[in-house]
Protein chains: 2
Amino acid sequence: MQSPIEYLEARREENLAGLMQFLRIPSVSTDPARREDVRAAARFLCDALLQAGLPRSEIVETPGHPIVFAEDLRAEGPTLLVYGHYDVQPEEPVELWTSPPFEPEVRDGELYARGAVDDKGQVWLHVKALEAWLHTTGRLPCKVKVVVEGEEEIGGSNLSAFLRERRDLLRADAVLISDSPMFERGVPSLCYGLRGMAYMEVTVRGAGSDLHSGSFGGAVANPAQALATILAGLKDGAHRVAIPGFYDRVREITAREREAFAALPFDADAYRRALGVPELVGEEGFSTLERVWARPTLEVNGLLAGFTGEGTKTVLPASAMAKVSMRLVPDQDWEEIARLFRSRVLELAPAGVVVDVRTHHGGKAFLTDIDHPALRAAARALERGFGSPPVMIREGGSIPVAVDFREELKLPVVLMGFGTPDENAHAPDEHLSLENFHGGLRTVSYFLEEFAACAPGS
Amino acid sequence: MQSPIEYLEARREENLAGLMQFLRIPSVSTDPARREDVRAAARFLCDALLQAGLPRSEIVETPGHPIVFAEDLRAEGPTLLVYGHYDVQPEEPVELWTSPPFEPEVRDGELYARGAVDDKGQVWLHVKALEAWLHTTGRLPCKVKVVVEGEEEIGGSNLSAFLRERRDLLRADAVLISDSPMFERGVPSLCYGLRGMAYMEVTVRGAGSDLHSGSFGGAVANPAQALATILAGLKDGAHRVAIPGFYDRVREITAREREAFAALPFDADAYRRALGVPELVGEEGFSTLERVWARPTLEVNGLLAGFTGEGTKTVLPASAMAKVSMRLVPDQDWEEIARLFRSRVLELAPAGVVVDVRTHHGGKAFLTDIDHPALRAAARALERGFGSPPVMIREGGSIPVAVDFREELKLPVVLMGFGTPDENAHAPDEHLSLENFHGGLRTVSYFLEEFAACAPGS
């Protein structure tokens with residue numbers, strides 16, 4: 001009889017082809033015009049889980065985009081809950097893609113498409129690893145539940161409600177999430193910390209309509225200038241966030257962690273070159289890894305005002321807009337941070353304009369116990385799948401659902417991801433290493449076995 | 001025999017219909033895709049001047065958009081050179097227009113369309129006033145030359161070259177420009193000063209592509225944040241431009257002018273309400289009229305970075321862009337100001353980004369002698385056309401060509417405009433008062449007579 005690993009090796013082409021079909025569906029959750037595409041992606045995934053051999057796979061309606069839920073409880077032993085998301089980021093600016101974002105293409109061992117790494121490609125690993133067990137041994141090593149949502153990229157609250165309202169359905173011993181990167185290519189990693197966030201929008205309004213900047217320039221406040229003043233006032237010269245109270249609840253990095261970060265094979269100059277920046281800059285007194293993993297930040301995500309086309313237009317804009325998000329660390333409270341942000345913005349607003357501050361969404365930071373049995377099982381699976389033991393890392397991004405699983409279901413959460421930091425998640429030319437795709441398939445397959453043996457509930 | 005004024009009164013409908021046809025042509029000079037529309041507008045105007053009865057009217061090719069030149073030298077007496085422009089500003093943001101920008105519509109005595117007041121509507125006055133003389137008396141009161149360009153809104157240099165190279169063709173005794181507003185509705189005005197300008201673009205670049213703001217936020221400079229810091233540093237708390245040397249050559253307002261400005265029927269609160277701003281703010285120590293007419297300013301005209309659509313995207317933008325223009329007064333030198341701007345921006349640029357500063361175009365400020373015979377002739381024509389003597393004003397906008405005419409042709413320049421400051425030139429819902437349109441027709445018609453009698457060359 002073929003082993004699950006042999007099955008996966010024999011079906012490399014088919015597994016990749018299936019993923020490419022999945023990636024062709026433009027499931028951009030933030031775009032109301034793509035609502036039906038998002039639903040089609042859910043449908044596609046639901047069917048794939050049935051074809052993999054799970055006895056139950058269904059679409060769960062929500063007030064927003066649907067959730068795909070599947071399970072196979074026929075095995076003895078503990079229950080693993082696998083989480084992922086089938087929605088993707090918008091593809092803009094689309095002109096910067098080498099190949100179209102929704103026409104997956106393999107170039108030099110990398111699969112290019114929106115969602116390749118974040119997170120459809122990683123969801124697909126789980127579908128195919130489950131299929132490999134079910135199509136060879138006929139059963140899974142442990143009980144498995146699968147929850148894949150369609151609102152991760154918009155921070156929707158519908159999954160939280162689902163977790164809260166369906167505790168019985170979701171009862172399990174641990175959660176596995178594959179939506180975080182490896183430390184770097186060839187270095188298998190287990191992530192034990194994520195940053196939280198608060199995503200804000202600031203709108204500054206001046207005159208009732210755009211004005212001629214010659215006829216009126218000098219007599220009224222310019223909303224774009226006012227916005228610049230506000231944004232400039234949110235950071236100080238040492239790259240710290242200049243919002244009173246912002247750092248009050250920040251848990252300081254421990255000496256043990258500082259040492260562990262410093263021991264990682266991190267080449268700051270290679271990192272700088274890969275990003276194409278003239279130099280690395282950030283909060284004084286911290287290393288680059290500390291800055292992105294364990295320190296909060298404030299970033300302008302978008303700016304828009306007045307005339308932005310080719311050439312010139314002598315307009316004094318009626319309004320100006322900035323999207324600003326803050327990444328948070330334990331024990332910052334995102335709702336408190338959103339309030340502090342708002343107060344500070346209003347305090348910085350100059351005379352002559354009206355400022356509106358809106359909170360889009362937010363979430364807590366996440367830290368988990370690196371000595372939990374489920375994490376140790378994941379470490380063994382990674383070593384078997386990639387040939388070397390994993391490094392323990394944190395991540396600068398946010399997976400609010402990791403917090404939700406811990407808080408709502410009181411479950412340990414394993415963050416075992418197979419992307420790499422250079423794969424342009426959220427940017428043009430998003431891609432996924434095929435080597436990691438196949439290594440991830442093996443690892444997930446081993447993990448089901450390791451998890452069954454680790455007695456996580458004890 | 002009908003007088004020119006009677007002719008104009010009898011043909012109100014036809015004159016308006018002709019203007020509406022002219023306004024239907026989307027002659028947006030900054031948009032390469034509208035190149036043929038710009039040419040069509042030139043052709044339309046050239047034909048209209050022939051139909052008005054001028055013996056010579058022709059298209060003059062340039063490396064950019066063409067110039068329309070016409071003349072009638074059959075009269076005795078001095079020569080008047082009439083200048084205008086047939087190109088218009090872009091129509092963006094088009095969704096804020098009540099009726100489509102290139103489908104002229106009359107509502108409540110106002111004609112709405114892009115170019116209604118700036119400057120096609122005012123060019124059309126001259127065409128129809130000339131026609132009124134030629135179709136009634138058979139001749140003009142003075143010699144007339146007409147120059148209408150298609151690059152005013154993009155600050156093209158082709159008209160300057162035309163003035164320099166065709167001095168003989170353009171020989172005249174004075175220039176009349178109708179491209180400046182009246183002081184306010186019902187107050188006929190003569191403008192004796194304009195601000196100059198320098199239009200710049202600042203681009204800030206960080207990483208080679210957009211980054212995930214979670215995974216990288218805190219480790220690299222954010223170009224949008226850097227741009228905000230730069231822009232905030234260009235103004236101080238007293239609304240002065242914070243560029244070293246910027247004010248060095250500024251000619252101070254005279255006591256006589258301050259008194260004259262203060263005597264004008266200016267209602268600051270009505271002005272504030274009309275603009276829809278919470279309060280008027282500007283350089284400390286100056287009145288609103290002084291700020292817009294006789295003091296320089298710096299205005300952000302456009303801002304663009306990162307994600308600006310609906311919803312959220314957690315992107316750390318690769319670049320950020322601002323369009324910034326400065327309005328200048330005598331005796332500032334716009335090329336020097338552009339250099340000072342560039343130095344200051346580079347000085348303000350924080351570490352970790354690369355900043356590029358580009359000069360789009362610029363021009364000198366303008367001041368003319370209010371006692372010149374041609375200005376006095378214009379004052380008499382305005383009194384006859386509108387029933388009250390004009391006020392003497394300056395304008396915050398720029399008409400670089402006024403400077404060119406004075407410098408290249410050594411001619412006195414009369415700025416007699418028929419727009420009003422609330423007509424949204426350069427903004428959505430641009431419009432022109434039909435009362436001013438017809439009053440302007442009468443005034444221009446009278447001016448030809450008054451000019452013939454004033455002996456401007458003496």
# chains A, B, ... in the order shown; residues from 1 in each chain; ligands from 1
call {"tool": "select_by_dssp", "arguments": {"residues": "stretch 18-175 of chain B", "states": "alpha helix (DSSP H)", "output": "PyMOL selection string"}}
result
chain B and resi 18-23+35-52+120-136+158-165
call {"tool": "write_last_selection", "arguments": {"atoms": "N, CA and C atoms", "output": "short mmCIF file (atom, residue, chain, number, x, y, z; two decimals), in the first residue's frame"}}
result
data_model
loop_
_atom_site.label_atom_id
_atom_site.label_comp_id
_atom_site.auth_asym_id
_atom_site.auth_seq_id
_atom_site.Cartn_x
_atom_site.Cartn_y
_atom_site.Cartn_z
N GLY B 18 -23.66 79.60 -29.59
CA GLY B 18 -22.32 79.42 -30.17
C GLY B 18 -21.31 79.06 -29.08
N LEU B 19 -21.40 79.74 -27.94
CA LEU B 19 -20.49 79.42 -26.84
C LEU B 19 -20.69 77.98 -26.36
N MET B 20 -21.94 77.55 -26.30
CA MET B 20 -22.20 76.18 -25.83
C MET B 20 -21.56 75.15 -26.77
N GLN B 21 -21.60 75.45 -28.05
CA GLN B 21 -20.93 74.54 -29.01
C GLN B 21 -19.43 74.48 -28.71
N PHE B 22 -18.85 75.65 -28.46
CA PHE B 22 -17.40 75.76 -28.17
C PHE B 22 -17.07 74.94 -26.90
N LEU B 23 -17.93 75.04 -25.90
CA LEU B 23 -17.70 74.37 -24.61
C LEU B 23 -17.84 72.86 -24.69
N ARG B 35 -5.61 65.25 -27.32
CA ARG B 35 -4.86 66.09 -28.25
C ARG B 35 -5.72 66.55 -29.44
N GLU B 36 -6.48 65.63 -29.99
CA GLU B 36 -7.31 66.00 -31.16
C GLU B 36 -8.48 66.90 -30.76
N ASP B 37 -8.98 66.74 -29.55
CA ASP B 37 -10.04 67.64 -29.08
C ASP B 37 -9.51 69.06 -28.93
N VAL B 38 -8.29 69.18 -28.44
CA VAL B 38 -7.69 70.50 -28.29
C VAL B 38 -7.60 71.16 -29.67
N ARG B 39 -7.14 70.38 -30.64
CA ARG B 39 -7.04 70.91 -32.01
C ARG B 39 -8.41 71.29 -32.57
N ALA B 40 -9.41 70.48 -32.26
CA ALA B 40 -10.76 70.77 -32.76
C ALA B 40 -11.26 72.10 -32.19
N ALA B 41 -10.91 72.39 -30.94
CA ALA B 41 -11.34 73.66 -30.34
C ALA B 41 -10.66 74.84 -31.05
N ALA B 42 -9.38 74.66 -31.39
CA ALA B 42 -8.66 75.71 -32.11
C ALA B 42 -9.33 75.97 -33.47
N ARG B 43 -9.65 74.89 -34.15
CA ARG B 43 -10.29 74.97 -35.47
C ARG B 43 -11.64 75.69 -35.37
N PHE B 44 -12.40 75.31 -34.36
CA PHE B 44 -13.73 75.90 -34.15
C PHE B 44 -13.61 77.42 -33.96
N LEU B 45 -12.64 77.82 -33.14
CA LEU B 45 -12.45 79.24 -32.84
C LEU B 45 -11.96 80.01 -34.07
N CYS B 46 -11.04 79.40 -34.78
CA CYS B 46 -10.48 80.01 -35.99
C CYS B 46 -11.61 80.30 -36.99
N ASP B 47 -12.49 79.34 -37.17
CA ASP B 47 -13.64 79.51 -38.09
C ASP B 47 -14.58 80.59 -37.58
N ALA B 48 -14.80 80.64 -36.26
CA ALA B 48 -15.72 81.62 -35.68
C ALA B 48 -15.20 83.04 -35.92
N LEU B 49 -13.90 83.22 -35.90
CA LEU B 49 -13.32 84.55 -36.12
C LEU B 49 -13.49 84.96 -37.59
N LEU B 50 -13.37 84.00 -38.49
CA LEU B 50 -13.62 84.31 -39.91
C LEU B 50 -15.09 84.69 -40.11
N GLN B 51 -15.98 83.91 -39.49
CA GLN B 51 -17.41 84.20 -39.61
C GLN B 51 -17.77 85.54 -38.98
N ALA B 52 -17.01 85.95 -37.96
CA ALA B 52 -17.24 87.27 -37.35
C ALA B 52 -16.89 88.39 -38.32
N LYS B 120 -12.92 79.92 -22.09
CA LYS B 120 -13.63 79.94 -23.38
C LYS B 120 -14.76 80.97 -23.39
N GLY B 121 -15.49 81.08 -22.28
CA GLY B 121 -16.60 82.03 -22.21
C GLY B 121 -16.12 83.45 -22.44
N GLN B 122 -14.94 83.76 -21.88
CA GLN B 122 -14.43 85.12 -22.00
C GLN B 122 -13.79 85.36 -23.37
N VAL B 123 -13.23 84.32 -23.97
CA VAL B 123 -12.73 84.43 -25.35
C VAL B 123 -13.91 84.73 -26.28
N TRP B 124 -15.01 84.06 -26.02
CA TRP B 124 -16.18 84.18 -26.89
C TRP B 124 -16.74 85.61 -26.91
N LEU B 125 -16.65 86.32 -25.78
CA LEU B 125 -17.06 87.74 -25.72
C LEU B 125 -16.38 88.55 -26.81
N HIS B 126 -15.07 88.30 -26.94
CA HIS B 126 -14.30 89.10 -27.90
C HIS B 126 -14.71 88.77 -29.32
N VAL B 127 -14.90 87.49 -29.58
CA VAL B 127 -15.32 87.07 -30.93
C VAL B 127 -16.63 87.78 -31.30
N LYS B 128 -17.56 87.77 -30.36
CA LYS B 128 -18.90 88.30 -30.65
C LYS B 128 -18.91 89.84 -30.65
N ALA B 129 -18.07 90.48 -29.85
CA ALA B 129 -18.01 91.95 -29.87
C ALA B 129 -17.42 92.42 -31.21
N LEU B 130 -16.40 91.70 -31.69
CA LEU B 130 -15.83 92.06 -32.99
C LEU B 130 -16.88 91.87 -34.08
N GLU B 131 -17.59 90.76 -34.02
CA GLU B 131 -18.65 90.48 -35.00
C GLU B 131 -19.70 91.60 -34.98
N ALA B 132 -20.06 92.07 -33.78
CA ALA B 132 -21.09 93.10 -33.67
C ALA B 132 -20.67 94.37 -34.43
N TRP B 133 -19.41 94.77 -34.29
CA TRP B 133 -18.93 95.95 -35.03
C TRP B 133 -18.91 95.68 -36.53
N LEU B 134 -18.36 94.55 -36.90
CA LEU B 134 -18.17 94.27 -38.33
C LEU B 134 -19.50 94.04 -39.05
N HIS B 135 -20.47 93.45 -38.35
CA HIS B 135 -21.77 93.18 -39.00
C HIS B 135 -22.71 94.38 -38.97
N THR B 136 -22.35 95.43 -38.23
CA THR B 136 -23.23 96.62 -38.19
C THR B 136 -22.56 97.78 -38.93
N ASN B 158 5.30 77.39 -25.56
CA ASN B 158 5.21 77.66 -26.99
C ASN B 158 4.67 79.04 -27.31
N LEU B 159 3.81 79.58 -26.47
CA LEU B 159 3.33 80.94 -26.71
C LEU B 159 4.47 81.93 -26.51
N SER B 160 5.29 81.74 -25.48
CA SER B 160 6.43 82.64 -25.26
C SER B 160 7.32 82.67 -26.49
N ALA B 161 7.58 81.49 -27.03
CA ALA B 161 8.42 81.43 -28.23
C ALA B 161 7.76 82.17 -29.39
N PHE B 162 6.46 82.01 -29.53
CA PHE B 162 5.70 82.68 -30.58
C PHE B 162 5.82 84.21 -30.42
N LEU B 163 5.68 84.69 -29.19
CA LEU B 163 5.79 86.14 -28.94
C LEU B 163 7.19 86.63 -29.29
N ARG B 164 8.18 85.83 -28.91
CA ARG B 164 9.58 86.22 -29.15
C ARG B 164 9.90 86.25 -30.64
N GLU B 165 9.39 85.21 -31.34
CA GLU B 165 9.79 85.04 -32.74
C GLU B 165 8.95 85.85 -33.72
#
call {"tool": "residues_around", "arguments": {"residues": "stretch 141-147 of chain A", "least_positions_apart": "3", "cutoff": "7 Å", "atoms": "only C-alpha atoms", "output": "JSON, numbers by chain"}}
result
{"A": [67, 68, 69, 70, 71, 72, 73, 74, 75, 76, 77, 78, 79, 80, 81, 82, 83, 84, 448, 449, 452]}
call {"tool": "write_last_selection", "arguments": {"atoms": "N, CA and C atoms", "output": "PDB file, in the first residue's frame"}}
result
ATOM      1  N   ILE A  67     -18.455  30.871   5.476  1.00  0.00           N
ATOM      2  CA  ILE A  67     -17.377  30.073   6.070  1.00  0.00           C
ATOM      3  C   ILE A  67     -17.510  28.655   5.520  1.00  0.00           C
ATOM      4  N   VAL A  68     -16.381  28.028   5.218  1.00  0.00           N
ATOM      5  CA  VAL A  68     -16.410  26.612   4.838  1.00  0.00           C
ATOM      6  C   VAL A  68     -16.063  25.803   6.086  1.00  0.00           C
ATOM      7  N   PHE A  69     -16.942  24.870   6.438  1.00  0.00           N
ATOM      8  CA  PHE A  69     -16.683  23.993   7.578  1.00  0.00           C
ATOM      9  C   PHE A  69     -16.700  22.546   7.108  1.00  0.00           C
ATOM     10  N   ALA A  70     -15.675  21.772   7.539  1.00  0.00           N
ATOM     11  CA  ALA A  70     -15.635  20.341   7.192  1.00  0.00           C
ATOM     12  C   ALA A  70     -15.097  19.575   8.389  1.00  0.00           C
ATOM     13  N   GLU A  71     -15.405  18.290   8.463  1.00  0.00           N
ATOM     14  CA  GLU A  71     -14.832  17.492   9.556  1.00  0.00           C
ATOM     15  C   GLU A  71     -14.813  16.014   9.199  1.00  0.00           C
ATOM     16  N   ASP A  72     -13.885  15.328   9.876  1.00  0.00           N
ATOM     17  CA  ASP A  72     -13.838  13.861   9.820  1.00  0.00           C
ATOM     18  C   ASP A  72     -13.509  13.410  11.247  1.00  0.00           C
ATOM     19  N   LEU A  73     -14.515  12.859  11.910  1.00  0.00           N
ATOM     20  CA  LEU A  73     -14.351  12.503  13.327  1.00  0.00           C
ATOM     21  C   LEU A  73     -14.261  10.993  13.515  1.00  0.00           C
ATOM     22  N   ARG A  74     -13.947  10.269  12.404  1.00  0.00           N
ATOM     23  CA  ARG A  74     -13.996   8.802  12.480  1.00  0.00           C
ATOM     24  C   ARG A  74     -12.796   8.209  13.214  1.00  0.00           C
ATOM     25  N   ALA A  75     -11.700   8.990  13.362  1.00  0.00           N
ATOM     26  CA  ALA A  75     -10.499   8.453  14.019  1.00  0.00           C
ATOM     27  C   ALA A  75     -10.636   8.470  15.530  1.00  0.00           C
ATOM     28  N   GLU A  76      -9.803   7.670  16.190  1.00  0.00           N
ATOM     29  CA  GLU A  76      -9.642   7.771  17.637  1.00  0.00           C
ATOM     30  C   GLU A  76      -8.779   9.009  17.911  1.00  0.00           C
ATOM     31  N   GLY A  77      -8.550   9.295  19.172  1.00  0.00           N
ATOM     32  CA  GLY A  77      -7.544  10.290  19.530  1.00  0.00           C
ATOM     33  C   GLY A  77      -8.036  11.716  19.534  1.00  0.00           C
ATOM     34  N   PRO A  78      -7.067  12.631  19.646  1.00  0.00           N
ATOM     35  CA  PRO A  78      -7.412  14.051  19.831  1.00  0.00           C
ATOM     36  C   PRO A  78      -7.971  14.676  18.551  1.00  0.00           C
ATOM     37  N   THR A  79      -8.534  15.866  18.727  1.00  0.00           N
ATOM     38  CA  THR A  79      -9.130  16.580  17.595  1.00  0.00           C
ATOM     39  C   THR A  79      -8.286  17.798  17.253  1.00  0.00           C
ATOM     40  N   LEU A  80      -7.955  17.884  15.965  1.00  0.00           N
ATOM     41  CA  LEU A  80      -7.214  19.038  15.465  1.00  0.00           C
ATOM     42  C   LEU A  80      -8.172  19.919  14.679  1.00  0.00           C
ATOM     43  N   LEU A  81      -8.156  21.223  14.977  1.00  0.00           N
ATOM     44  CA  LEU A  81      -8.961  22.170  14.214  1.00  0.00           C
ATOM     45  C   LEU A  81      -8.005  22.946  13.299  1.00  0.00           C
ATOM     46  N   VAL A  82      -8.230  22.826  11.989  1.00  0.00           N
ATOM     47  CA  VAL A  82      -7.370  23.519  11.015  1.00  0.00           C
ATOM     48  C   VAL A  82      -8.085  24.785  10.558  1.00  0.00           C
ATOM     49  N   TYR A  83      -7.376  25.909  10.601  1.00  0.00           N
ATOM     50  CA  TYR A  83      -7.970  27.174  10.173  1.00  0.00           C
ATOM     51  C   TYR A  83      -7.190  27.767   8.987  1.00  0.00           C
ATOM     52  N   GLY A  84      -7.916  28.391   8.070  1.00  0.00           N
ATOM     53  CA  GLY A  84      -7.290  29.153   6.969  1.00  0.00           C
ATOM     54  C   GLY A  84      -8.291  30.155   6.434  1.00  0.00           C
ATOM     55  N   LEU A 448      -0.222  15.271  11.332  1.00  0.00           N
ATOM     56  CA  LEU A 448      -1.439  14.580  11.773  1.00  0.00           C
ATOM     57  C   LEU A 448      -1.058  13.390  12.652  1.00  0.00           C
ATOM     58  N   GLU A 449      -0.011  12.697  12.272  1.00  0.00           N
ATOM     59  CA  GLU A 449       0.512  11.566  13.040  1.00  0.00           C
ATOM     60  C   GLU A 449       1.109  12.005  14.373  1.00  0.00           C
ATOM     61  N   ALA A 452      -1.499  13.188  16.806  1.00  0.00           N
ATOM     62  CA  ALA A 452      -2.246  12.077  17.405  1.00  0.00           C
ATOM     63  C   ALA A 452      -1.470  11.474  18.573  1.00  0.00           C
TER      64      ALA A 452
END
call {"tool": "residues_around", "arguments": {"residues": "B:Pro373", "least_positions_apart": "6", "cutoff": "12 Å", "atoms": "only C-alpha atoms", "output": "list of chain:residue names"}}
result
B:Asp173, B:Ala174, B:Ala379, B:Arg380, B:Pro412, B:Val413, B:Val414, B:Glu450, B:Phe451, B:Ala452, B:Ala453, B:Cys454, B:Ala455, B:Pro456, B:Gly457, B:Ser458
call {"tool": "write_last_selection", "arguments": {"atoms": "N, CA and C atoms", "output": "short mmCIF file (atom, residue, chain, number, x, y, z; two decimals), in the first residue's frame"}}
result
data_model
loop_
_atom_site.label_atom_id
_atom_site.label_comp_id
_atom_site.auth_asym_id
_atom_site.auth_seq_id
_atom_site.Cartn_x
_atom_site.Cartn_y
_atom_site.Cartn_z
N ASP B 173 -0.35 98.36 -29.53
CA ASP B 173 -0.20 99.45 -28.56
C ASP B 173 -0.58 99.01 -27.14
N ALA B 174 -1.38 97.97 -27.04
CA ALA B 174 -1.74 97.45 -25.71
C ALA B 174 -2.30 96.04 -25.89
N ALA B 379 -11.53 101.41 -17.87
CA ALA B 379 -12.39 101.83 -16.77
C ALA B 379 -13.66 102.48 -17.31
N ARG B 380 -13.51 103.33 -18.36
CA ARG B 380 -14.69 103.99 -18.93
C ARG B 380 -15.61 102.96 -19.59
N PRO B 412 1.80 97.60 -22.54
CA PRO B 412 0.92 97.67 -21.38
C PRO B 412 -0.15 96.58 -21.49
N VAL B 413 -0.52 96.02 -20.36
CA VAL B 413 -1.48 94.90 -20.35
C VAL B 413 -2.69 95.28 -19.52
N VAL B 414 -3.87 95.20 -20.14
CA VAL B 414 -5.12 95.48 -19.44
C VAL B 414 -5.78 94.15 -19.07
N GLU B 450 -13.42 103.21 -26.91
CA GLU B 450 -12.66 103.98 -25.93
C GLU B 450 -11.16 103.87 -26.17
N PHE B 451 -10.76 102.67 -26.54
CA PHE B 451 -9.34 102.44 -26.81
C PHE B 451 -8.87 103.27 -28.01
N ALA B 452 -9.72 103.32 -29.05
CA ALA B 452 -9.38 104.08 -30.25
C ALA B 452 -9.17 105.56 -29.90
N ALA B 453 -9.88 106.04 -28.88
CA ALA B 453 -9.85 107.45 -28.53
C ALA B 453 -8.77 107.81 -27.51
N CYS B 454 -8.16 106.81 -26.88
CA CYS B 454 -7.30 107.13 -25.72
C CYS B 454 -5.85 107.39 -26.07
N ALA B 455 -5.50 107.18 -27.37
CA ALA B 455 -4.13 107.45 -27.82
C ALA B 455 -3.10 106.78 -26.93
N PRO B 456 -3.13 105.44 -26.79
CA PRO B 456 -2.26 104.73 -25.85
C PRO B 456 -0.78 104.82 -26.23
N GLY B 457 -0.51 105.04 -27.52
CA GLY B 457 0.89 105.08 -27.92
C GLY B 457 1.56 106.40 -27.55
N SER B 458 0.78 107.39 -27.24
CA SER B 458 1.33 108.74 -27.04
C SER B 458 1.93 108.91 -25.64
#
call {"tool": "residues_around", "arguments": {"residues": "A:Ala338", "least_positions_apart": "3", "cutoff": "10 Å", "atoms": "only C-alpha atoms", "output": "list in words"}}
result
Met197, Ala198, Tyr199, Met200, Phe246, Ser325, Met326, Asp333, Trp334, Glu335, Phe341, Arg342, Ser343, Arg344, Val357, Arg358, Thr359, His360, His361 and Gly362 of chain A
call {"tool": "closest_residue", "arguments": {"among": "A:Ser388, A:Ser398, A:Thr443, A:Thr368", "to": "A:Leu411", "atoms": "only C-alpha atoms"}}
result
A:Thr368
call {"tool": "closest_residue", "arguments": {"among": "A:Gly439, A:Pro66, A:Thr312, A:Lys364", "to": "B:Gly155", "atoms": "only C-alpha atoms"}}
result
A:Thr312
call {"tool": "select_by_dssp", "arguments": {"residues": "stretch 4-187 of chain B", "states": "strand (DSSP E)", "output": "VMD selection string"}}
result
chain B and resid 56 to 60 67 to 72 79 to 85 105 to 107 110 to 112 143 to 149 174 to 177
call {"tool": "residues_around", "arguments": {"residues": "A:Asp108", "least_positions_apart": "6", "cutoff": "12 Å", "atoms": "only C-alpha atoms", "output": "short mmCIF file (atom, residue, chain, number, x, y, z; two decimals) with C-alpha atoms, in the first residue's frame"}}
result
data_model
loop_
_atom_site.label_atom_id
_atom_site.label_comp_id
_atom_site.auth_asym_id
_atom_site.auth_seq_id
_atom_site.Cartn_x
_atom_site.Cartn_y
_atom_site.Cartn_z
CA HIS A 431 4.22 34.10 -5.12
CA LEU A 432 4.88 30.81 -3.35
CA SER A 433 7.95 28.58 -3.53
CA LEU A 434 7.00 25.19 -4.99
CA GLU A 435 9.71 23.61 -2.84
#
call {"tool": "closest_residue", "arguments": {"among": "B:Gly196, B:Gly208, B:Pro188, B:Pro55", "to": "chain A", "atoms": "only C-alpha atoms"}}
result
B:Gly208
call {"tool": "residues_around", "arguments": {"residues": "stretch 262-278 of chain B", "least_positions_apart": "6", "cutoff": "10 Å", "atoms": "only C-alpha atoms", "output": "PyMOL selection string"}}
result
(chain A and resi 205-211+216+219-221+318+351-354) or (chain B and resi 183-184+187+256+287-290+391-393+421-422)
call {"tool": "residues_around", "arguments": {"residues": "B:Thr308", "least_positions_apart": "6", "cutoff": "8 Å", "atoms": "only C-alpha atoms", "output": "number ranges by chain"}}
result
A: 302-304, 322-323
call {"tool": "write_last_selection", "arguments": {"atoms": "N, CA and C atoms", "output": "PDB file, in the first residue's frame"}}
result
ATOM      1  N   GLY A 302      -2.113  54.588   3.109  1.00  0.00           N
ATOM      2  CA  GLY A 302      -2.602  55.244   1.890  1.00  0.00           C
ATOM      3  C   GLY A 302      -2.813  56.725   2.125  1.00  0.00           C
ATOM      4  N   LEU A 303      -2.630  57.494   1.049  1.00  0.00           N
ATOM      5  CA  LEU A 303      -2.825  58.953   1.066  1.00  0.00           C
ATOM      6  C   LEU A 303      -3.541  59.343  -0.213  1.00  0.00           C
ATOM      7  N   LEU A 304      -4.527  60.243  -0.091  1.00  0.00           N
ATOM      8  CA  LEU A 304      -5.187  60.737  -1.304  1.00  0.00           C
ATOM      9  C   LEU A 304      -5.727  62.135  -1.079  1.00  0.00           C
ATOM     10  N   ALA A 322      -6.196  59.866   4.745  1.00  0.00           N
ATOM     11  CA  ALA A 322      -5.095  58.932   5.008  1.00  0.00           C
ATOM     12  C   ALA A 322      -5.645  57.680   5.659  1.00  0.00           C
ATOM     13  N   LYS A 323      -5.138  56.536   5.229  1.00  0.00           N
ATOM     14  CA  LYS A 323      -5.385  55.280   5.926  1.00  0.00           C
ATOM     15  C   LYS A 323      -4.133  55.008   6.763  1.00  0.00           C
TER      16      LYS A 323
END
call {"tool": "atom_distance", "arguments": {"atom1": "atom CA of B:Ala226", "atom2": "atom CA of B:Pro350"}}
result
6.2 Å
call {"tool": "atom_distance", "arguments": {"atom1": "atom CA of B:Thr137", "atom2": "atom CA of B:Gly440"}}
result
19.9 Å
call {"tool": "closest_residue", "arguments": {"among": "A:Ser319, A:Ser27, A:Asn424, A:Ser99", "to": "chain B", "atoms": "only C-alpha atoms"}}
result
A:Asn424
call {"tool": "atom_distance", "arguments": {"atom1": "atom CA of B:Ile5", "atom2": "atom CA of B:Ala377"}}
result
17.7 Å
call {"tool": "closest_residue", "arguments": {"among": "A:Ile25, A:Leu176, A:Leu375, A:Val204", "to": "A:Leu227", "atoms": "only C-alpha atoms"}}
result
A:Val204
